[in-house]
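> Quick one: the structure is below, questions incoming.
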Amino acid sequence: MRTTDVNNMAEDTIEQAEQTRCYHCGEQCPDLSLHIEDKYFCCQGCKVVYQMLSESDLTCYYGIEQHPGVTAREPADDARFAWLDEAEVSAKILDFADGERAKTTFYIPLMHCSACIWLLENLYKLDAGILVSQVNFPRKELTLTFNPQKTTLRRIVTLLAAIGYEPQITLNDIAGRKERNSRKSLYMKLGVAGFAMGNIMLLSLPEYLAWQMELPEHFKRFFGYINLLLALPVLLYSSTDYFNSALTGLRQRMLTIDVPIVIGILALFFRSSYDILTGSGAGYMDSLAAFVFFLLLGRLFQQKTYETLSFERDYKSYFPVSVTRLEREGEKVISISRLQVGDILLVHNHEIIPADAVLLSDTCEIDYSFVTGEARTVTKHNSDLLFAGGRIVGPAAKVQTIKKVSQSYLTQLWNNDVFQGKKQSRLKSISDRVAQNFTLAVLFIALAAAAYWARVDYRNAVDVFTAVLVIACPCALALSIPFSLGNALRIFGRNKFYLKNSDTVERLAGIDSIVFDKTGTLTEQGEQEMHFLRLDGRGDRLRDEEAELIAAVTRHSTHPLSRKIRSLLAGREQELLPVTHLTETEGSGLSGHVGGHGIRIGSASWTGAGTELTEKIKGQNGSRVFVAIDGTVIGVFLIHQAFRSGMHEQIRHLQQQYPVQLLSGDNDSSREEFERIFGHGSVLHFNQSPEDKLSFIRALQQEGHFVMMVGDGLNDAGALRQSDVGVAIAENTSAFSPACDGILEAGSFRRLSTFLKFARKTVHVVYVSFGVSFFYNIIGLSFAVTGNLAPVVAAILMPISSISVVAFTTLATGALAKKYGI
C-alpha cells in the first residue's frame, strides 16, 4: 500500500473521529480506538461507566436523553476515598446509622438532567447494599439509605465518582455546614455583565451624541468591534444559566420561561453582530448587556428576598415540644431551644430524641420510622449512639446529648414523602399549567408581531420581537405562591402555629369540615378535680405501695391522663421502681411489670372491669382510668378535666363557618357538657378507638368534604394523617406526631379561628397577585407589539414586575396579619 493511501486513510479516520460523539457523554472522540461494537467513547472512564450500566441492565438510561452522561476521564481511584473509612469522619457525614441501615445526603454538582435523576435513583442496581436513593433536583442533593453490612460509604462515593457524579464533600460538610458557591457564581456573572454594560455604553457615547458630533467611520467600526468583543462574555458566561435552563426544558419537551428569554438574547446579539460586521449600524450590544445585567440583578434580588422571607424555622421558635432534663433538684421540663450539649434527658415512651445522644440507661427500644419511614424497633444498650428522630418505645430512657438540636434536620424528617401522602397543591398545578401555555402564547405573539413589522422596518421588527419575548414573563405569576404562602408561614410561626410547608397554608384555606379530639385537645393539663375511688372493698383510699406501683408505670407515658395521675401521686413513691414489659396501646391504656406485680391502667375493657364495677360509678362525670394489679381491678381515677381557655368562643366562631364534630376515645360521661357547648344535634362520638377515628375521617372525605383534624397526636396519629390537614396540639410534651401537618402551641388555641380566616385571605392575595401579573403582561405586550418599548426597557421592567409582586404579596399578607391581630 502506498504511503499516500495510508496517510489518506489516517486522515479519514481522524476526520471520522472528529465527527463521532461519545456515546456516554456526547463529547468529541479524539480517535476511534475506544469502542464496544458500534458505540464509541471519548475516554476509558466513559467506556467503563457504559460497561457497568450494561452489566446491570441499565442501558435504557441512554434512551432518556441523548448523550446524558457526565464525562468520567479516568475510572475512580478507590484509594482516593480511603479517608471515608475512618469512623470519626463517617460518623460526622452520616445522618443516621443503626448497624443494619445508614442514611446520608450528598451534594452532586454535576447532576443536570432527567437522565441523571433516573440513574441516581437506580443506584441499588449497581450496588446491592444501597436500599433507597432519592434525588432533590433543585438542590442537587442525593439522599441515600444503605446497609452498612453490605457496602460502605467509601464504596458508594467511589461508585458515584466512577459513573461521573462525584459528590462534593468538604471539611465544611464534616463540620455540619454545606456552603454552596451558587451565590458567588451569580455575583461573578452580574459583575461581568455590569462591566460590559458600562464599557459598551461608554464606547457607544458618540452614537448617543451623533446629532452633536460626527465620528470618523474607522472609529465607529473600531468601537463596534470592541463592543462585540465585550458582549461575548455576556453571551457566553453571564447568560449561561438561562441557556442551560432552556436547554434542559427542551430536552424534557417542556417550554420554560427561559426559552423566550434566550431567544431574545440571541436575537439581540446576532442582529447587532450583523450590523457591526456589515457596517450597516452600531448594533444594540449596550441593550444586550443591560438586558442580561438587569435580569441577573432581578434574580439576585428575588433570591435575597426569598431567603429573608422564607420559612427558615429555627429551633428557637420551632417544634414547640419540651424535653425532661434531669437536674440536681430533680426533673425539669424545658423547651428544646434551651437544650445544650451534655444535658441529661429522660425520654419517655413515644417521645422523640431531639438531638444525637448517648444512652445512659442499660437498654432501650427505639423506633426509627420517623427517620427511615419503616416501622420497626431496635434494641440499644448502654453507651450506644442514639440518632435524632428516634422514638422511644417502652420504658423511659436516660440519655446524654452530644449534639445541638438541628431544626433543619427535623424539618427534613417531618417533610419526608412517607408522611406526605397524596396531599397536593392546587395553586401550584394551576400556576404550572398557565406558565407552560403562557410561553407558547408569547412565542406566537412575538412571531406575529415581528412578521407584521418586517413589512415596515426589519430593524424595528427585531426590536419588537425581542421586547415581546422579554416583557411577557410569567415570573411574577410563579413568585406569587412562594412569597405569599412563605410569608404566611412566617407569620403563623411567629404566633406559635407551626406548619410543615407552604402547601399546608393552601389546604388550611380549603377545609370545609373540622373534627376535634377531646382529651388533651379541648381539655388542658391545668388544675383539674381528680380523686381515686376504691372498687375492691378494701377501704376507700389508695395505699402507698399501690401508689408507688402506679406512679412507676405512668411515669413512662406522655398521655395527658397518665401525666395527671403521675402529678397526683408525686411524692408518695419512696423510689423510682424499674418497669419491665411496658406496653402502651392507643385508645386502651398501659401495662407493665413492677416488682413482680402485673399492672394495667386504662379503660374498663383494658383492665377487665366488668359491668358490675362500671355500674358502681354510673353517673360520675369526667374521665375514668381504671387500675388493675395482678389481674384484680382495685379502683378508678375519676378526673373532671378543665376545658381549654377560650374553647367555648372558638367552637362558637368555628361553627359559623364550618360543621364542627367531636371524636373522643373517652367515655360519654361528659356528653351533656359538650352538648351545651357544641349545641344539641351536633355530631359527638365517644368511646372511639384510633381505627374508629380514622374511619370517620375517611367517610367524611368520601362524601366530598375537605377535613381538618385537631388532636393531641397520641391516640389519633392515623386520623391526623388521613385528614387533609392534621393539627396536633402541643402542651409540655415531646410526643410529636410526624403524621401531622401542623403543630399548634396550646396557648395559641384561642386563635385557631383567626388562623383559618388568615389562611383563606392569604390564598385570596395569591389570586389577586395572579391578576396583577396578567394585567402587567397585557399592558406590557400592548406597548411592545406597537413598537413603543425598547428591549432594554423591557429588561428593566421584567424584574421590576417581579419585585412589585413580591412587595405586594409581602405587604398584603403583613397587612392582613395586622388586621387580625396576629
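Residue numbering restarts at 1 in every chain; chains get A, B, ... in the order shown in the C-alpha cells, and ligands count up from 1 in that same order.
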Near stretch 215-231 of chain A, within 7 Å and counting only C-alpha atoms, which residues show up once chain neighbours fewer than 3 positions away are dropped, as a ChimeraX atom specification?

/A:196,200,203,206,234-235,273,276,282,285,289

> Excluding same-chain residues fewer than 6 positions from A:Arg750, what lies within 8 Å of it counting only C-alpha atoms, as a PyMOL selection string?

chain A and resi 645-647+649-650

> Could you pull out the residues in stretch 430-580 of chain A that DSSP calls helix (DSSP H, G or I) from the backbone, as number ranges by chain?

A: 430-454, 458-471, 475-494, 502-509, 544-554, 560-568

> Emit the selected residues as a PDB file, in the first residue's frame, including C-alpha atoms.


```
ATOM      1  CA  ILE A 430     -52.737  25.982  38.146  1.00  0.00           C
ATOM      2  CA  SER A 431     -49.557  28.054  38.056  1.00  0.00           C
ATOM      3  CA  ASP A 432     -47.605  25.336  36.245  1.00  0.00           C
ATOM      4  CA  ARG A 433     -50.288  24.883  33.567  1.00  0.00           C
ATOM      5  CA  VAL A 434     -50.591  28.636  32.991  1.00  0.00           C
ATOM      6  CA  ALA A 435     -46.810  29.049  32.760  1.00  0.00           C
ATOM      7  CA  GLN A 436     -46.494  26.329  30.095  1.00  0.00           C
ATOM      8  CA  ASN A 437     -49.327  27.681  27.923  1.00  0.00           C
ATOM      9  CA  PHE A 438     -48.084  31.215  28.550  1.00  0.00           C
ATOM     10  CA  THR A 439     -44.743  30.514  26.849  1.00  0.00           C
ATOM     11  CA  LEU A 440     -46.437  29.142  23.719  1.00  0.00           C
ATOM     12  CA  ALA A 441     -48.732  32.165  23.564  1.00  0.00           C
ATOM     13  CA  VAL A 442     -45.801  34.578  23.941  1.00  0.00           C
ATOM     14  CA  LEU A 443     -43.828  32.896  21.145  1.00  0.00           C
ATOM     15  CA  PHE A 444     -46.874  33.114  18.865  1.00  0.00           C
ATOM     16  CA  ILE A 445     -47.451  36.828  19.651  1.00  0.00           C
ATOM     17  CA  ALA A 446     -43.739  37.622  19.191  1.00  0.00           C
ATOM     18  CA  LEU A 447     -43.586  35.918  15.783  1.00  0.00           C
ATOM     19  CA  ALA A 448     -46.843  37.503  14.632  1.00  0.00           C
ATOM     20  CA  ALA A 449     -45.705  40.990  15.727  1.00  0.00           C
ATOM     21  CA  ALA A 450     -42.288  40.516  14.088  1.00  0.00           C
ATOM     22  CA  ALA A 451     -43.906  39.370  10.835  1.00  0.00           C
ATOM     23  CA  TYR A 452     -46.126  42.450  10.814  1.00  0.00           C
ATOM     24  CA  TRP A 453     -43.268  44.897  11.486  1.00  0.00           C
ATOM     25  CA  ALA A 454     -40.918  43.198   8.999  1.00  0.00           C
ATOM     26  CA  TYR A 458     -36.836  44.905   9.718  1.00  0.00           C
ATOM     27  CA  ARG A 459     -34.790  46.723  12.380  1.00  0.00           C
ATOM     28  CA  ASN A 460     -37.930  47.600  14.285  1.00  0.00           C
ATOM     29  CA  ALA A 461     -39.215  44.043  13.754  1.00  0.00           C
ATOM     30  CA  VAL A 462     -36.240  42.619  15.653  1.00  0.00           C
ATOM     31  CA  ASP A 463     -36.773  45.145  18.477  1.00  0.00           C
ATOM     32  CA  VAL A 464     -40.468  44.295  18.722  1.00  0.00           C
ATOM     33  CA  PHE A 465     -39.749  40.560  18.624  1.00  0.00           C
ATOM     34  CA  THR A 466     -37.200  40.832  21.436  1.00  0.00           C
ATOM     35  CA  ALA A 467     -39.312  43.220  23.549  1.00  0.00           C
ATOM     36  CA  VAL A 468     -42.353  40.920  23.392  1.00  0.00           C
ATOM     37  CA  LEU A 469     -40.295  37.896  24.427  1.00  0.00           C
ATOM     38  CA  VAL A 470     -38.831  39.750  27.381  1.00  0.00           C
ATOM     39  CA  ILE A 471     -41.736  41.832  28.711  1.00  0.00           C
ATOM     40  CA  CYS A 475     -42.102  35.106  36.606  1.00  0.00           C
ATOM     41  CA  ALA A 476     -44.411  37.305  38.650  1.00  0.00           C
ATOM     42  CA  LEU A 477     -47.044  34.559  38.415  1.00  0.00           C
ATOM     43  CA  ALA A 478     -44.570  31.983  39.657  1.00  0.00           C
ATOM     44  CA  LEU A 479     -43.451  34.195  42.547  1.00  0.00           C
ATOM     45  CA  SER A 480     -46.966  34.844  43.849  1.00  0.00           C
ATOM     46  CA  ILE A 481     -47.293  31.468  45.538  1.00  0.00           C
ATOM     47  CA  PRO A 482     -43.933  31.093  47.337  1.00  0.00           C
ATOM     48  CA  PHE A 483     -43.850  34.663  48.611  1.00  0.00           C
ATOM     49  CA  SER A 484     -47.480  34.830  49.741  1.00  0.00           C
ATOM     50  CA  LEU A 485     -47.570  31.434  51.405  1.00  0.00           C
ATOM     51  CA  GLY A 486     -43.973  31.709  52.631  1.00  0.00           C
ATOM     52  CA  ASN A 487     -44.700  34.962  54.414  1.00  0.00           C
ATOM     53  CA  ALA A 488     -47.890  33.428  55.847  1.00  0.00           C
ATOM     54  CA  LEU A 489     -45.801  30.558  57.253  1.00  0.00           C
ATOM     55  CA  ARG A 490     -43.515  33.074  58.918  1.00  0.00           C
ATOM     56  CA  ILE A 491     -46.489  34.907  60.440  1.00  0.00           C
ATOM     57  CA  PHE A 492     -48.056  31.645  61.659  1.00  0.00           C
ATOM     58  CA  GLY A 493     -44.754  30.613  63.232  1.00  0.00           C
ATOM     59  CA  ARG A 494     -44.477  33.973  64.977  1.00  0.00           C
ATOM     60  CA  SER A 502     -46.362  26.262  52.355  1.00  0.00           C
ATOM     61  CA  ASP A 503     -48.793  23.794  50.737  1.00  0.00           C
ATOM     62  CA  THR A 504     -50.385  23.354  54.171  1.00  0.00           C
ATOM     63  CA  VAL A 505     -51.473  27.015  54.158  1.00  0.00           C
ATOM     64  CA  GLU A 506     -53.392  26.445  50.933  1.00  0.00           C
ATOM     65  CA  ARG A 507     -55.043  23.280  52.251  1.00  0.00           C
ATOM     66  CA  LEU A 508     -55.875  25.063  55.505  1.00  0.00           C
ATOM     67  CA  ALA A 509     -57.751  27.681  53.484  1.00  0.00           C
ATOM     68  CA  ASP A 544     -48.643   3.875  99.408  1.00  0.00           C
ATOM     69  CA  GLU A 545     -47.256   0.654  97.917  1.00  0.00           C
ATOM     70  CA  GLU A 546     -50.023   0.701  95.274  1.00  0.00           C
ATOM     71  CA  ALA A 547     -49.379   4.357  94.532  1.00  0.00           C
ATOM     72  CA  GLU A 548     -45.716   3.501  94.074  1.00  0.00           C
ATOM     73  CA  LEU A 549     -46.542   0.808  91.512  1.00  0.00           C
ATOM     74  CA  ILE A 550     -48.969   3.066  89.600  1.00  0.00           C
ATOM     75  CA  ALA A 551     -46.510   6.001  89.609  1.00  0.00           C
ATOM     76  CA  ALA A 552     -43.754   3.759  88.247  1.00  0.00           C
ATOM     77  CA  VAL A 553     -45.868   2.775  85.217  1.00  0.00           C
ATOM     78  CA  THR A 554     -47.494   6.152  84.458  1.00  0.00           C
ATOM     79  CA  PRO A 560     -52.419  13.695  79.409  1.00  0.00           C
ATOM     80  CA  LEU A 561     -54.293  11.418  81.832  1.00  0.00           C
ATOM     81  CA  SER A 562     -51.136   9.476  82.710  1.00  0.00           C
ATOM     82  CA  ARG A 563     -49.317  12.737  83.370  1.00  0.00           C
ATOM     83  CA  LYS A 564     -52.185  13.922  85.567  1.00  0.00           C
ATOM     84  CA  ILE A 565     -52.168  10.711  87.617  1.00  0.00           C
ATOM     85  CA  ARG A 566     -48.388  10.940  87.922  1.00  0.00           C
ATOM     86  CA  SER A 567     -48.621  14.504  89.264  1.00  0.00           C
ATOM     87  CA  LEU A 568     -51.305  13.444  91.785  1.00  0.00           C
TER      88      LEU A 568
END
```

> Can you tell me which residues surround stretch 577-581 of chain A at a distance of at most 10 Å, considering only C-alpha atoms, apart from same-chain residues fewer than 5 positions away, and format the answer as a PyMOL selection string?

chain A and resi 394-396+548-549+551-553+555-556+591-599

> Output the selection as a short mmCIF file (atom, residue, chain, number, x, y, z; two decimals), in the first residue's frame - all heavy atoms for each residue.


```
data_model
loop_
_atom_site.label_atom_id
_atom_site.label_comp_id
_atom_site.auth_asym_id
_atom_site.auth_seq_id
_atom_site.Cartn_x
_atom_site.Cartn_y
_atom_site.Cartn_z
N GLY A 394 -41.45 1.85 74.97
CA GLY A 394 -41.30 1.12 76.22
C GLY A 394 -40.86 2.05 77.35
O GLY A 394 -41.15 3.25 77.33
N PRO A 395 -40.16 1.51 78.34
CA PRO A 395 -39.75 2.31 79.50
C PRO A 395 -38.92 3.53 79.10
O PRO A 395 -38.20 3.50 78.11
CB PRO A 395 -38.92 1.32 80.33
CG PRO A 395 -39.42 -0.02 79.93
CD PRO A 395 -39.78 0.09 78.48
N ALA A 396 -39.05 4.59 79.89
CA ALA A 396 -38.31 5.83 79.63
C ALA A 396 -36.81 5.54 79.65
O ALA A 396 -36.33 4.68 80.40
CB ALA A 396 -38.66 6.89 80.67
N GLU A 548 -47.08 3.62 94.58
CA GLU A 548 -45.72 3.50 94.07
C GLU A 548 -45.69 2.70 92.77
O GLU A 548 -44.99 3.05 91.81
CB GLU A 548 -44.85 2.82 95.14
CG GLU A 548 -43.37 3.10 95.00
CD GLU A 548 -42.61 2.68 96.25
OE1 GLU A 548 -43.13 1.87 97.03
OE2 GLU A 548 -41.48 3.16 96.41
N LEU A 549 -46.48 1.63 92.72
CA LEU A 549 -46.54 0.81 91.51
C LEU A 549 -47.17 1.58 90.35
O LEU A 549 -46.70 1.53 89.21
CB LEU A 549 -47.35 -0.46 91.79
CG LEU A 549 -46.78 -1.43 92.84
CD1 LEU A 549 -47.75 -2.58 93.07
CD2 LEU A 549 -45.42 -1.97 92.41
N ALA A 551 -47.39 4.90 90.00
CA ALA A 551 -46.51 6.00 89.61
C ALA A 551 -45.38 5.50 88.72
O ALA A 551 -44.96 6.18 87.77
CB ALA A 551 -45.95 6.69 90.86
N ALA A 552 -44.87 4.31 89.03
CA ALA A 552 -43.75 3.76 88.25
C ALA A 552 -44.17 3.54 86.80
O ALA A 552 -43.40 3.80 85.86
CB ALA A 552 -43.28 2.45 88.87
N VAL A 553 -45.41 3.05 86.58
CA VAL A 553 -45.87 2.78 85.22
C VAL A 553 -46.24 4.06 84.49
O VAL A 553 -45.84 4.28 83.34
CB VAL A 553 -47.06 1.80 85.24
CG1 VAL A 553 -47.61 1.60 83.83
CG2 VAL A 553 -46.63 0.46 85.82
N ARG A 555 -45.24 6.95 84.88
CA ARG A 555 -44.07 7.80 84.65
C ARG A 555 -43.54 7.68 83.22
O ARG A 555 -42.92 8.59 82.69
CB ARG A 555 -42.98 7.41 85.64
CG ARG A 555 -41.67 8.18 85.53
CD ARG A 555 -40.78 7.78 86.70
NE ARG A 555 -39.53 8.52 86.69
CZ ARG A 555 -38.39 8.04 86.20
NH1 ARG A 555 -38.36 6.81 85.70
NH2 ARG A 555 -37.29 8.77 86.22
N HIS A 556 -43.82 6.56 82.58
CA HIS A 556 -43.27 6.30 81.25
C HIS A 556 -44.21 6.73 80.12
O HIS A 556 -43.87 6.56 78.95
CB HIS A 556 -42.95 4.81 81.10
CG HIS A 556 -41.89 4.33 82.06
ND1 HIS A 556 -40.55 4.49 81.83
CD2 HIS A 556 -41.99 3.72 83.26
CE1 HIS A 556 -39.85 3.99 82.83
NE2 HIS A 556 -40.71 3.51 83.72
N SER A 591 -49.67 -1.11 80.37
CA SER A 591 -49.45 -2.30 81.18
C SER A 591 -47.95 -2.48 81.37
O SER A 591 -47.15 -2.03 80.54
CB SER A 591 -50.05 -3.54 80.51
OG SER A 591 -49.36 -3.85 79.32
N GLY A 592 -47.58 -3.12 82.48
CA GLY A 592 -46.17 -3.36 82.75
C GLY A 592 -46.00 -4.17 84.02
O GLY A 592 -46.97 -4.40 84.77
N HIS A 593 -44.79 -4.62 84.23
CA HIS A 593 -44.48 -5.39 85.44
C HIS A 593 -43.54 -4.57 86.32
O HIS A 593 -42.51 -4.08 85.86
CB HIS A 593 -43.83 -6.72 85.07
CG HIS A 593 -44.78 -7.72 84.50
ND1 HIS A 593 -45.18 -7.70 83.18
CD2 HIS A 593 -45.46 -8.75 85.08
CE1 HIS A 593 -46.03 -8.69 82.96
NE2 HIS A 593 -46.24 -9.33 84.10
N VAL A 594 -43.93 -4.44 87.61
CA VAL A 594 -43.14 -3.67 88.58
C VAL A 594 -43.00 -4.50 89.85
O VAL A 594 -44.01 -4.84 90.48
CB VAL A 594 -43.81 -2.31 88.91
CG1 VAL A 594 -42.89 -1.49 89.81
CG2 VAL A 594 -44.13 -1.54 87.64
N GLY A 595 -41.78 -4.80 90.22
CA GLY A 595 -41.55 -5.53 91.47
C GLY A 595 -42.29 -6.84 91.56
O GLY A 595 -42.79 -7.20 92.64
N GLY A 596 -42.46 -7.53 90.45
CA GLY A 596 -43.16 -8.81 90.45
C GLY A 596 -44.65 -8.71 90.34
O GLY A 596 -45.35 -9.73 90.36
N HIS A 597 -45.19 -7.50 90.20
CA HIS A 597 -46.64 -7.29 90.08
C HIS A 597 -46.99 -6.87 88.64
O HIS A 597 -46.29 -6.05 88.04
CB HIS A 597 -47.12 -6.21 91.05
CG HIS A 597 -46.91 -6.56 92.49
ND1 HIS A 597 -47.75 -7.41 93.18
CD2 HIS A 597 -45.96 -6.15 93.38
CE1 HIS A 597 -47.32 -7.53 94.43
NE2 HIS A 597 -46.24 -6.77 94.57
N GLY A 598 -48.10 -7.42 88.14
CA GLY A 598 -48.60 -7.01 86.84
C GLY A 598 -49.56 -5.83 86.99
O GLY A 598 -50.52 -5.92 87.76
N ILE A 599 -49.28 -4.73 86.30
CA ILE A 599 -50.09 -3.51 86.42
C ILE A 599 -50.75 -3.21 85.09
O ILE A 599 -50.10 -3.24 84.04
CB ILE A 599 -49.22 -2.30 86.83
CG1 ILE A 599 -48.29 -2.64 88.00
CG2 ILE A 599 -50.10 -1.10 87.15
CD1 ILE A 599 -49.01 -3.00 89.27
#
```

> Could you give me, as JSON, numbers by chain, the residues within 8 Å of A:Glu121, counting only C-alpha atoms and dropping anything in the same chain fewer than 5 positions from it?

{"A": [132, 133, 134, 135]}

> Could you turn the residues from that selection into a file that holds N, CA and C atoms, as a PDB file, in the first residue's frame?


```pdb
ATOM      1  N   VAL A 132     -32.201   2.600  49.225  1.00  0.00           N
ATOM      2  CA  VAL A 132     -33.039   3.652  48.632  1.00  0.00           C
ATOM      3  C   VAL A 132     -32.144   4.833  48.261  1.00  0.00           C
ATOM      4  N   SER A 133     -32.401   5.436  47.115  1.00  0.00           N
ATOM      5  CA  SER A 133     -31.713   6.680  46.748  1.00  0.00           C
ATOM      6  C   SER A 133     -32.752   7.651  46.199  1.00  0.00           C
ATOM      7  N   GLN A 134     -32.799   8.840  46.771  1.00  0.00           N
ATOM      8  CA  GLN A 134     -33.785   9.857  46.381  1.00  0.00           C
ATOM      9  C   GLN A 134     -33.071  11.143  46.007  1.00  0.00           C
ATOM     10  N   VAL A 135     -33.520  11.758  44.915  1.00  0.00           N
ATOM     11  CA  VAL A 135     -32.888  12.968  44.391  1.00  0.00           C
ATOM     12  C   VAL A 135     -33.746  14.186  44.693  1.00  0.00           C
TER      13      VAL A 135
END
```

> Restricting the calculation to only C-alpha atoms: of A:Val371, A:Leu582, A:Leu535, A:Val683, which residue gets closest to A:Phe516?

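Of A:Val371, A:Leu582, A:Leu535, A:Val683, the one nearest A:Phe516, counting only C-alpha atoms, is A:Val683.
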
> List the spatial neighbours of A:Asp384 as a list in words - criterion: any atom at most 10 Å away, only C-alpha atoms, same-chain residues fewer than 2 positions off excluded.

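After dropping sequence-adjacent residues, the list is Asp98, Ala357, Val358, Leu359, Leu360, Ser361, Asp362, Thr363, Thr379, Lys380, His381, Asn382, Leu386, Phe387 and Val399 of chain A.
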
> Keeping C-alpha atoms, export the residues of the selection given above as a compact mmCIF listing (two decimals), in the first residue's frame.


```txt
# COMPACT_ATOMS: atom_id res chain seq x y z
CA ASP A 98 -28.16 1.61 63.39
CA ALA A 357 -27.25 11.41 72.18
CA VAL A 358 -25.56 8.58 74.09
CA LEU A 359 -27.70 6.06 76.02
CA LEU A 360 -27.09 6.11 79.79
CA SER A 361 -29.76 3.54 80.67
CA ASP A 362 -28.93 -0.16 80.48
CA THR A 363 -31.15 -0.82 77.46
CA THR A 379 -32.61 -2.59 70.87
CA LYS A 380 -29.89 -0.24 72.14
CA HIS A 381 -27.53 -0.79 75.05
CA ASN A 382 -25.62 1.42 77.46
CA LEU A 386 -28.84 7.31 69.50
CA PHE A 387 -29.71 9.44 66.47
CA VAL A 399 -29.69 9.85 77.52
```
